[in-house]
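Next comes my_file35.csv, a file with CSV, C-alpha atoms.
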```csv
chain,number,residue,atom,x,y,z
A,1,MET,CA,137.9,-12.9,65.3
A,2,HIS,CA,136.4,-9.5,64.2
A,3,PHE,CA,134.6,-8.6,61.0
A,4,SER,CA,134.7,-5.2,59.3
A,5,THR,CA,132.0,-2.7,59.1
A,6,LEU,CA,131.9,-3.2,55.3
A,7,PHE,CA,131.3,-6.9,55.7
A,8,ALA,CA,128.6,-6.3,58.4
A,9,GLY,CA,126.8,-3.9,56.1
A,10,ALA,CA,126.8,-6.3,53.2
A,11,ALA,CA,125.6,-9.1,55.4
A,12,LEU,CA,122.7,-7.0,56.8
A,13,ALA,CA,121.8,-5.8,53.3
A,14,SER,CA,121.4,-9.5,52.2
A,15,TYR,CA,118.8,-10.2,54.8
A,16,ALA,CA,117.7,-7.4,57.1
A,17,ILE,CA,114.6,-9.2,58.0
A,18,ALA,CA,114.5,-12.8,59.1
A,19,HIS,CA,110.9,-13.0,60.3
A,20,PRO,CA,108.5,-10.6,58.6
A,21,GLY,CA,108.6,-7.4,60.7
A,22,HIS,CA,111.8,-8.4,62.4
A,23,ASP,CA,114.8,-6.1,61.8
A,24,ILE,CA,118.1,-7.9,62.6
A,25,HIS,CA,120.0,-4.6,62.2
A,26,ALA,CA,118.0,-3.0,65.0
A,27,GLU,CA,118.5,-6.1,67.1
A,28,MET,CA,122.3,-6.0,66.7
A,29,GLN,CA,122.4,-2.3,67.6
A,30,LYS,CA,120.4,-3.0,70.8
A,31,ARG,CA,122.8,-5.8,71.7
A,32,GLU,CA,125.9,-3.5,71.2
A,33,ALA,CA,124.3,-0.9,73.5
A,34,ALA,CA,123.6,-3.4,76.2
A,35,LEU,CA,127.2,-4.8,76.0
A,36,ALA,CA,128.8,-1.4,76.5
A,37,GLY,CA,131.3,-1.7,79.3
A,38,LEU,CA,130.5,-5.3,80.1
A,39,PRO,CA,132.9,-8.4,79.9
A,40,ARG,CA,132.4,-10.1,76.5
A,41,ASN,CA,133.2,-13.6,77.7
A,42,LEU,CA,134.3,-15.6,80.7
A,43,ASP,CA,138.0,-15.6,80.1
A,44,HIS,CA,138.6,-13.7,83.3
A,45,CYS,CA,136.9,-16.5,85.2
A,46,ALA,CA,138.9,-19.4,83.8
A,47,GLU,CA,141.6,-19.7,86.5
A,48,LYS,CA,139.1,-19.2,89.3
A,49,LEU,CA,136.8,-21.9,87.9
A,50,GLU,CA,139.6,-24.3,87.6
A,51,ALA,CA,141.1,-23.5,91.0
A,52,ARG,CA,137.7,-24.0,92.7
A,53,GLY,CA,137.2,-27.3,91.1
A,54,ILE,CA,134.2,-26.2,89.1
A,55,THR,CA,135.7,-27.1,85.8
A,56,ALA,CA,136.5,-30.6,86.9
A,57,GLU,CA,133.1,-31.0,88.6
A,58,ALA,CA,131.4,-30.0,85.4
A,59,ALA,CA,133.4,-32.5,83.4
A,60,ALA,CA,132.6,-35.3,85.7
A,61,ARG,CA,128.9,-34.4,85.8
A,62,ARG,CA,128.6,-34.3,82.1
A,63,GLU,CA,130.4,-37.6,81.7
A,64,ALA,CA,128.0,-39.2,84.2
A,65,ALA,CA,124.9,-37.7,82.4
A,66,PHE,CA,126.3,-38.8,79.0
A,67,ARG,CA,126.7,-42.4,80.2
A,68,LYS,CA,123.3,-42.4,81.8
A,69,ALA,CA,121.7,-41.2,78.6
A,70,ARG,CA,123.4,-43.9,76.6
A,71,GLU,CA,122.2,-46.6,79.1
A,72,GLU,CA,118.6,-45.3,79.0
A,73,ARG,CA,118.6,-45.5,75.2
A,74,GLY,CA,120.2,-49.0,75.0
A,75,ILE,CA,123.6,-47.8,73.8
A,76,ASP,CA,126.7,-49.3,75.2
A,77,PRO,CA,128.0,-46.6,77.7
A,78,ASP,CA,131.6,-47.8,77.1
A,79,SER,CA,131.5,-47.5,73.3
A,80,PRO,CA,133.9,-44.9,71.8
A,81,GLN,CA,132.8,-41.3,72.3
A,82,LEU,CA,132.8,-39.8,68.8
A,83,LYS,CA,134.5,-36.6,67.9
A,84,ALA,CA,134.0,-34.1,70.7
A,85,ARG,CA,134.2,-30.5,69.5
A,86,ASP,CA,137.6,-28.8,69.4
A,87,ALA,CA,137.3,-25.4,67.7
A,88,ALA,CA,140.4,-23.8,66.2
A,89,THR,CA,138.3,-20.7,65.5
A,90,VAL,CA,134.6,-20.0,66.1
A,91,LEU,CA,133.9,-19.1,62.5
A,92,ALA,CA,135.4,-22.2,60.9
A,93,THR,CA,133.0,-24.1,58.7
A,94,SER,CA,133.5,-27.2,60.8
A,95,HIS,CA,134.4,-27.2,64.5
A,96,LEU,CA,134.7,-31.0,64.9
A,97,SER,CA,138.1,-32.4,65.7
A,98,GLY,CA,139.6,-35.4,63.9
A,99,THR,CA,140.0,-37.2,67.1
A,100,THR,CA,137.9,-40.3,67.9
A,101,TYR,CA,137.8,-40.7,71.7
A,102,SER,CA,138.2,-44.1,73.3
A,103,PRO,CA,136.6,-45.2,76.6
A,104,SER,CA,139.8,-44.4,78.4
A,105,THR,CA,139.8,-40.7,77.3
A,106,ALA,CA,139.8,-38.5,80.4
A,107,ALA,CA,136.5,-36.8,81.2
A,108,SER,CA,138.4,-33.6,81.7
A,109,VAL,CA,139.4,-33.7,78.0
A,110,LEU,CA,136.0,-34.7,76.5
A,111,PHE,CA,133.5,-32.9,78.8
A,112,ALA,CA,135.3,-29.9,80.1
A,113,GLY,CA,134.6,-27.1,77.6
A,114,MET,CA,134.5,-24.4,80.3
A,115,ASN,CA,136.9,-21.8,79.0
A,116,THR,CA,135.8,-21.3,75.4
A,117,CYS,CA,132.1,-22.1,74.9
A,118,VAL,CA,130.5,-19.1,76.7
A,119,LEU,CA,128.0,-16.5,75.9
A,120,SER,CA,128.0,-12.8,76.5
A,121,PRO,CA,125.0,-10.9,77.9
A,122,GLU,CA,122.9,-9.7,75.0
A,123,VAL,CA,119.3,-8.7,74.1
A,124,THR,CA,118.6,-10.8,71.0
A,125,GLN,CA,115.5,-12.7,72.0
A,126,GLY,CA,114.0,-12.6,68.5
A,127,PRO,CA,110.3,-11.8,67.7
A,128,TYR,CA,108.7,-15.1,68.8
A,129,TYR,CA,109.2,-15.3,72.5
A,130,VAL,CA,106.2,-16.7,74.5
A,131,GLY,CA,106.0,-15.9,78.2
A,132,GLY,CA,104.6,-18.1,80.9
A,133,GLU,CA,105.8,-21.4,79.6
A,134,PHE,CA,105.9,-24.7,81.6
A,135,VAL,CA,108.8,-25.7,83.9
A,136,ARG,CA,109.8,-29.1,82.6
A,137,PRO,CA,112.9,-31.0,81.5
A,138,ASP,CA,111.5,-32.6,78.3
A,139,ILE,CA,110.2,-30.0,75.9
A,140,ARG,CA,109.6,-32.2,72.8
A,141,ASP,CA,105.8,-32.6,73.0
A,142,GLY,CA,105.9,-35.5,70.7
A,143,GLN,CA,107.7,-33.7,67.9
A,144,LYS,CA,109.9,-35.7,65.5
A,145,GLY,CA,113.6,-35.0,65.3
A,146,VAL,CA,117.1,-35.7,66.4
A,147,GLU,CA,117.1,-35.9,70.2
A,148,VAL,CA,119.4,-33.4,72.0
A,149,ILE,CA,120.3,-33.5,75.7
A,150,LEU,CA,121.4,-29.9,76.5
A,151,ASP,CA,123.4,-29.3,79.6
A,152,THR,CA,123.7,-25.6,80.6
A,153,LEU,CA,126.0,-24.2,83.3
A,154,VAL,CA,125.4,-20.6,84.5
A,155,ILE,CA,128.2,-18.5,85.9
A,156,ASP,CA,128.0,-15.1,87.7
A,157,MET,CA,130.3,-12.9,85.7
A,158,SER,CA,131.3,-10.7,88.7
A,159,THR,CA,132.1,-13.5,91.2
A,160,CYS,CA,132.9,-16.3,88.8
A,161,ASN,CA,130.8,-18.7,90.9
A,162,PRO,CA,127.9,-20.8,89.6
A,163,VAL,CA,124.5,-19.1,89.8
A,164,THR,CA,122.2,-21.3,92.0
A,165,ASN,CA,119.0,-19.4,92.0
A,166,ALA,CA,118.3,-19.0,88.2
A,167,MET,CA,115.6,-20.4,86.0
A,168,ILE,CA,116.8,-21.2,82.5
A,169,GLU,CA,114.4,-20.9,79.6
A,170,ILE,CA,115.0,-22.1,76.1
A,171,TRP,CA,112.9,-22.1,72.9
A,172,HIS,CA,113.5,-22.9,69.3
A,173,THR,CA,111.9,-24.2,66.1
A,174,ASN,CA,110.9,-27.7,65.3
A,175,SER,CA,112.5,-29.9,62.6
A,176,THR,CA,110.9,-27.9,59.7
A,177,GLY,CA,111.6,-24.4,61.1
A,178,VAL,CA,108.3,-23.6,62.9
A,179,TYR,CA,108.0,-22.0,66.3
A,180,GLY,CA,105.3,-23.5,68.5
A,181,GLY,CA,102.6,-21.1,69.8
A,182,ILE,CA,102.9,-18.5,67.1
A,183,VAL,CA,100.4,-17.8,64.3
A,184,ALA,CA,102.1,-15.6,61.7
A,185,ASN,CA,103.1,-15.5,58.1
A,186,GLY,CA,106.8,-16.2,58.0
A,187,ASN,CA,106.7,-18.8,60.8
A,188,GLY,CA,107.6,-21.8,58.7
A,189,ALA,CA,106.9,-22.4,55.0
A,190,GLY,CA,103.4,-21.7,53.6
A,191,THR,CA,100.5,-19.8,55.1
A,192,ARG,CA,99.6,-19.0,58.7
A,193,ASP,CA,98.4,-22.0,60.7
A,194,PRO,CA,95.8,-21.0,63.4
A,195,SER,CA,96.1,-24.3,65.1
A,196,ASN,CA,99.7,-23.6,66.0
A,197,ALA,CA,98.6,-21.1,68.6
A,198,TYR,CA,97.9,-24.0,71.0
A,199,ASN,CA,101.3,-25.6,70.7
A,200,THR,CA,104.0,-25.5,73.3
A,201,PHE,CA,106.6,-27.7,71.6
A,202,HIS,CA,110.3,-26.8,72.1
A,203,ARG,CA,109.6,-24.3,74.8
A,204,GLY,CA,110.2,-24.7,78.5
A,205,LEU,CA,112.2,-23.8,81.7
A,206,GLN,CA,114.3,-25.6,84.3
A,207,HIS,CA,115.6,-24.5,87.7
A,208,VAL,CA,119.4,-24.6,88.0
A,209,ASP,CA,120.6,-26.9,90.7
A,210,SER,CA,123.2,-26.3,93.5
A,211,SER,CA,125.9,-26.4,90.9
A,212,GLY,CA,124.3,-23.9,88.6
A,213,VAL,CA,123.2,-26.5,86.1
A,214,ALA,CA,120.0,-27.0,84.1
A,215,GLN,CA,119.4,-29.8,81.7
A,216,PHE,CA,116.8,-30.1,78.9
A,217,ILE,CA,115.7,-32.9,76.6
A,218,THR,CA,114.7,-31.5,73.2
A,219,ASN,CA,115.2,-32.0,69.5
A,220,PHE,CA,117.8,-30.4,67.2
A,221,PRO,CA,116.3,-27.2,65.8
A,222,GLY,CA,115.3,-26.9,62.2
A,223,HIS,CA,116.3,-23.9,60.0
A,224,TYR,CA,114.1,-21.1,58.7
A,225,THR,CA,114.7,-18.4,56.1
A,226,GLY,CA,117.2,-15.6,57.0
A,227,ARG,CA,118.7,-17.2,60.2
A,228,THR,CA,121.2,-20.0,60.9
A,229,THR,CA,120.1,-22.8,63.2
A,230,HIS,CA,120.0,-21.6,66.8
A,231,ILE,CA,118.4,-22.0,70.3
A,232,HIS,CA,117.2,-19.0,72.3
A,233,VAL,CA,118.2,-18.8,76.0
A,234,LEU,CA,116.8,-16.6,78.7
A,235,ALA,CA,118.0,-16.6,82.4
A,236,HIS,CA,115.4,-15.5,84.9
A,237,LEU,CA,115.9,-14.6,88.5
A,238,ASN,CA,113.4,-14.1,91.4
A,239,GLY,CA,110.3,-15.3,89.7
A,240,ALA,CA,107.8,-17.9,90.8
A,241,VAL,CA,106.3,-21.2,89.5
A,242,THR,CA,102.5,-21.2,89.5
A,243,SER,CA,100.3,-24.1,90.7
A,244,LYS,CA,99.9,-25.0,87.0
A,245,GLY,CA,103.7,-25.4,86.6
A,246,LYS,CA,104.3,-22.2,84.7
A,247,TYR,CA,106.9,-19.5,85.4
A,248,GLU,CA,105.9,-15.9,86.0
A,249,GLY,CA,107.5,-12.7,87.2
A,250,GLY,CA,111.1,-12.0,88.2
A,251,THR,CA,113.9,-10.4,86.2
A,252,ASN,CA,115.6,-11.3,83.0
A,253,ALA,CA,119.4,-11.3,83.6
A,254,HIS,CA,120.5,-12.8,80.3
A,255,VAL,CA,119.1,-13.2,76.8
A,256,GLY,CA,121.1,-15.0,74.2
A,257,GLN,CA,121.4,-17.6,71.5
A,258,LEU,CA,123.2,-20.9,71.1
A,259,PHE,CA,124.6,-22.1,67.8
A,260,PHE,CA,125.9,-25.4,66.3
A,261,ASP,CA,128.8,-26.4,64.1
A,262,GLN,CA,127.9,-26.1,60.4
A,263,SER,CA,129.1,-29.6,59.8
A,264,LEU,CA,126.7,-30.9,62.5
A,265,ILE,CA,123.8,-28.9,61.0
A,266,SER,CA,124.5,-30.5,57.6
A,267,GLN,CA,124.4,-34.0,59.1
A,268,VAL,CA,121.1,-33.3,60.9
A,269,GLU,CA,119.6,-31.7,57.8
A,270,ALA,CA,120.2,-34.9,55.8
A,271,VAL,CA,117.9,-36.8,58.3
A,272,SER,CA,114.1,-36.9,58.0
A,273,PRO,CA,112.0,-34.8,58.8
A,274,TYR,CA,114.7,-32.1,58.5
A,275,SER,CA,115.3,-33.1,54.9
A,276,THR,CA,111.7,-32.1,54.1
A,277,ASN,CA,112.1,-28.5,55.1
A,278,THR,CA,111.7,-26.3,52.0
A,279,GLN,CA,112.8,-23.0,53.6
A,280,SER,CA,116.1,-21.6,52.4
A,281,LEU,CA,119.0,-22.4,54.6
A,282,THR,CA,121.3,-19.7,56.0
A,283,THR,CA,124.8,-20.8,57.1
A,284,ASN,CA,126.7,-19.7,60.2
A,285,SER,CA,129.1,-17.6,58.2
A,286,ALA,CA,126.2,-15.7,56.5
A,287,ASP,CA,124.3,-15.0,59.8
A,288,SER,CA,124.9,-11.5,61.2
A,289,ILE,CA,123.8,-12.4,64.8
A,290,PHE,CA,126.2,-15.4,64.8
A,291,ARG,CA,129.1,-13.3,63.5
A,292,GLN,CA,128.5,-10.5,66.0
A,293,GLU,CA,128.5,-13.0,68.9
A,294,ALA,CA,131.5,-14.9,67.6
A,295,ALA,CA,133.5,-11.7,67.3
A,296,THR,CA,133.9,-11.7,71.1
A,297,SER,CA,133.1,-15.1,72.4
A,298,ASP,CA,132.3,-18.7,71.3
A,299,PRO,CA,128.5,-19.2,71.1
A,300,VAL,CA,128.8,-22.7,69.6
A,301,VAL,CA,127.9,-25.7,71.9
A,302,HIS,CA,130.2,-28.5,72.6
A,303,TYR,CA,128.8,-31.9,71.7
A,304,SER,CA,129.3,-35.6,71.4
A,305,PHE,CA,127.1,-38.2,69.6
A,306,LEU,CA,125.2,-40.6,71.9
A,307,GLY,CA,125.6,-43.5,69.4
A,308,SER,CA,127.4,-44.2,66.2
A,309,SER,CA,125.4,-41.7,64.1
A,310,VAL,CA,123.7,-38.3,64.5
A,311,SER,CA,120.3,-40.0,64.3
A,312,GLN,CA,120.9,-41.7,67.7
A,313,GLY,CA,121.0,-38.4,69.4
A,314,ILE,CA,123.4,-35.7,70.6
A,315,PHE,CA,124.7,-34.7,74.1
A,316,ALA,CA,125.5,-31.0,74.0
A,317,TRP,CA,126.8,-28.7,76.7
A,318,VAL,CA,127.6,-25.0,77.2
A,319,ALA,CA,128.6,-22.6,80.0
A,320,PHE,CA,127.6,-19.0,79.9
A,321,GLY,CA,128.0,-15.9,82.1
A,322,ILE,CA,125.3,-13.6,83.3
A,323,ASN,CA,125.3,-10.2,85.2
A,324,THR,CA,122.8,-10.9,88.0
A,325,SER,CA,122.0,-7.2,88.3
A,326,ASN,CA,120.7,-6.9,84.7
A,327,ASN,CA,117.1,-6.8,83.9
A,328,PHE,CA,116.4,-6.9,80.2
A,329,ASN,CA,113.1,-6.0,78.8
A,330,VAL,CA,111.9,-9.0,76.8
A,331,GLY,CA,109.1,-8.4,74.4
A,332,GLN,CA,106.5,-11.2,74.1
A,333,ALA,CA,104.8,-12.4,70.9
A,334,ALA,CA,102.4,-14.3,73.1
A,335,SER,CA,101.7,-15.5,76.7
A,336,LEU,CA,100.7,-19.0,77.8
A,337,ALA,CA,98.0,-18.8,80.4
A,338,ALA,CA,94.7,-20.5,81.1
A,339,THR,CA,93.0,-18.3,78.5
A,340,VAL,CA,94.9,-15.5,76.9
A,341,THR,CA,95.0,-13.2,73.9
A,342,VAL,CA,98.0,-13.6,71.6
A,343,THR,CA,99.2,-10.3,70.4
A,344,ASN,CA,102.1,-8.9,68.5
A,345,ALA,CA,102.4,-11.9,66.2
A,346,GLN,CA,104.2,-10.6,63.1
A,347,THR,CA,102.4,-11.0,59.8
A,348,GLY,CA,103.7,-10.5,56.3
A,349,THR,CA,102.8,-6.8,56.5
A,350,ALA,CA,104.1,-6.5,60.0
A,351,THR,CA,100.6,-5.8,61.3
A,352,ALA,CA,99.7,-7.2,64.7
A,353,THR,CA,96.9,-9.9,64.8
A,354,THR,CA,95.1,-11.3,67.8
A,355,THR,CA,94.1,-14.9,68.5
A,356,THR,CA,92.7,-16.6,71.5
A,357,ARG,CA,95.0,-19.3,72.9
A,358,THR,CA,94.1,-21.9,75.5
A,359,ALA,CA,96.9,-23.7,77.4
```
Could I get this file's structure written as structure tokens?
Amino acid sequence: MHFSTLFAGAALASYAIAHPGHDIHAEMQKREAALAGLPRNLDHCAEKLEARGITAEAAARREAAFRKAREERGIDPDSPQLKARDAATVLATSHLSGTTYSPSTAASVLFAGMNTCVLSPEVTQGPYYVGGEFVRPDIRDGQKGVEVILDTLVIDMSTCNPVTNAMIEIWHTNSTGVYGGIVANGNGAGTRDPSNAYNTFHRGLQHVDSSGVAQFITNFPGHYTGRTTHIHVLAHLNGAVTSKGKYEGGTNAHVGQLFFDQSLISQVEAVSPYSTNTQSLTTNSADSIFRQEAATSDPVVHYSFLGSSVSQGIFAWVAFGINTSNNFNVGQAASLAATVTVTNAQTGTATATTTTRTA
């Protein structure tokens, strides 16, 4: 589904800046330039992925991970799997199907999600990226929120094979819309919080395995003014893990964002501590970055509830394609090291500040 230039202009006029000093219009223009001449989704890989057994393998793996997650949390692994995502269109207000899945539902039906939920290569990392974060599966750091197990599958867009040498990095806000590790006006409600410079919550990296898969345990992101709920994703190649367990060097083959059904966001927002967030909420349909991505692919994750309600956790999965020859220049708001100086943190007047940050 495409949207007109007139609509895009109106949307941008309504909120050109999400974080202070962050121009979404410029971000969208950079993404369009990077996409020129590149495939916009993985549709061309669908038949190859199925023929090579990658789609079936991914479905079986997700089903096993889902059952294991239930068992570890004391939830009956054979209880009905509630309402897996089935999108008629990406921009629909709710992407949930009306189907309640039974224990006999085939894994290929519930956990496949290979052909539609993909991301295009882009350059929208946002203004609050922190380099040198820890390689770890659980990135919650004790933060409160609705637990999310996120399963990512990385596909080479030229060969349609899984990428087996990538490091996947994700970062997002906490339940009240604050990015860890950033001291800036506009990062959450209220004034700048100097103590936040030391936080690493909801930031981390994972190696993909021999099937091109990386899994994270995190919390559902909270919202902040000017943007819909999202997770940032960065695919690194050829870097190294330091003796302290942090990632450094290499190239950046993919920068993107993951989104969620609006109906799922609404359910999560009704749960504490999300319900205490006083920042204004932007919906998917009002978010320019979401609409730009959804015009050519489906950036919304598939998901199923682990239990009988959203508060018991979510199992989410996504496949996305990367061009392994790309190397995007990703600007850092900060860098996590033994002792570093945090620079380029946006303030209300878009003036850079500096803060000493200790890992």
Region 257-341 of chain A residues near region 228-234 of chain A within 7 Å, closest pair each, using all atoms listed in the file, as a Markdown table:
```
| residue | atom | partner | partner_atom | distance |
| --- | --- | --- | --- | --- |
| A:Gln257 | CA | A:His232 | CA | 4.5 |
| A:Leu258 | CA | A:Ile231 | CA | 5.0 |
| A:Phe259 | CA | A:His230 | CA | 4.7 |
| A:Thr282 | CA | A:Thr228 | CA | 4.9 |
| A:Thr283 | CA | A:Thr228 | CA | 5.3 |
| A:Asn284 | CA | A:Thr228 | CA | 5.6 |
| A:Asp287 | CA | A:Thr228 | CA | 6.0 |
```
Subject >> Residue nearest Ala214 (chain A) among A:Leu281, A:Val183, A:Ile170, A:Ala69 (counting all atoms listed in the file) >> reply: A:Ile170
Original post:
Can you tell me how far CA of Ile265 (chain A) sits from CA of Ser311 (chain A), in Å to one decimal?
Top reply: 12.1 Å
Please define a box with edges along x, y and z of the file around all atoms of region 135-145 of chain A given in the file, extend it by 5 Å on each side, and return its centre and edge lengths in Å to one decimal, as JSON.
```
{"center_x": 109.7, "center_y": -30.7, "center_z": 74.6, "size_x": 17.8, "size_y": 20.0, "size_z": 28.6}
```
Original post:
What separation in Å, quoted to one decimal, exists between CA of Ser175 (chain A) and CA of Gly307 (chain A)?
Top reply: 20.1 Å
**OP:** Would you mind reading off the distance between CA of Asn199 (chain A) and CA of Ile314 (chain A), one decimal, in Å?
**Re:**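 Between these atoms lies a distance of 24.3 Å.
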Subject >> Of the listed residues A:Pro221, A:Gly226, A:Pro137, A:Gly313, that which approaches Gly180 (chain A) most closely, counting only C-alpha atoms >> reply: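 Closest to Gly180 (chain A) of all the choices is A:Pro221.
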Give me, as a Markdown table, the closest atom pair and its distance (Å, one decimal) for every residue of region 137-246 of chain A within a cut-off of 12 Å of region 48-62 of chain A, counting only C-alpha atoms, rows sorted by chain and rising number.
```
| residue | atom | partner | partner_atom | distance |
| --- | --- | --- | --- | --- |
| A:Ile149 | CA | A:Arg62 | CA | 10.5 |
| A:Leu150 | CA | A:Arg62 | CA | 10.1 |
| A:Asp151 | CA | A:Arg62 | CA | 7.6 |
| A:Thr152 | CA | A:Ala58 | CA | 10.1 |
| A:Leu153 | CA | A:Ala58 | CA | 8.2 |
| A:Val154 | CA | A:Ala58 | CA | 11.2 |
| A:Ile155 | CA | A:Leu49 | CA | 9.5 |
| A:Asp156 | CA | A:Leu49 | CA | 11.1 |
| A:Met157 | CA | A:Leu49 | CA | 11.3 |
| A:Ser158 | CA | A:Lys48 | CA | 11.6 |
| A:Thr159 | CA | A:Lys48 | CA | 9.2 |
| A:Cys160 | CA | A:Lys48 | CA | 6.9 |
| A:Asn161 | CA | A:Leu49 | CA | 7.4 |
| A:Pro162 | CA | A:Ile54 | CA | 8.3 |
| A:Ser210 | CA | A:Ile54 | CA | 11.8 |
| A:Ser211 | CA | A:Ile54 | CA | 8.5 |
| A:Gly212 | CA | A:Ala58 | CA | 9.9 |
| A:Val213 | CA | A:Ala58 | CA | 8.9 |
| A:Ala214 | CA | A:Arg62 | CA | 11.5 |
| A:Gln215 | CA | A:Arg62 | CA | 10.2 |
```
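Here the question is which of A:Asn238, A:Gln267, A:Gln262, A:Ser280 gets nearest to Gly177 (chain A) using only C-alpha atoms, and that residue is A:Ser280.
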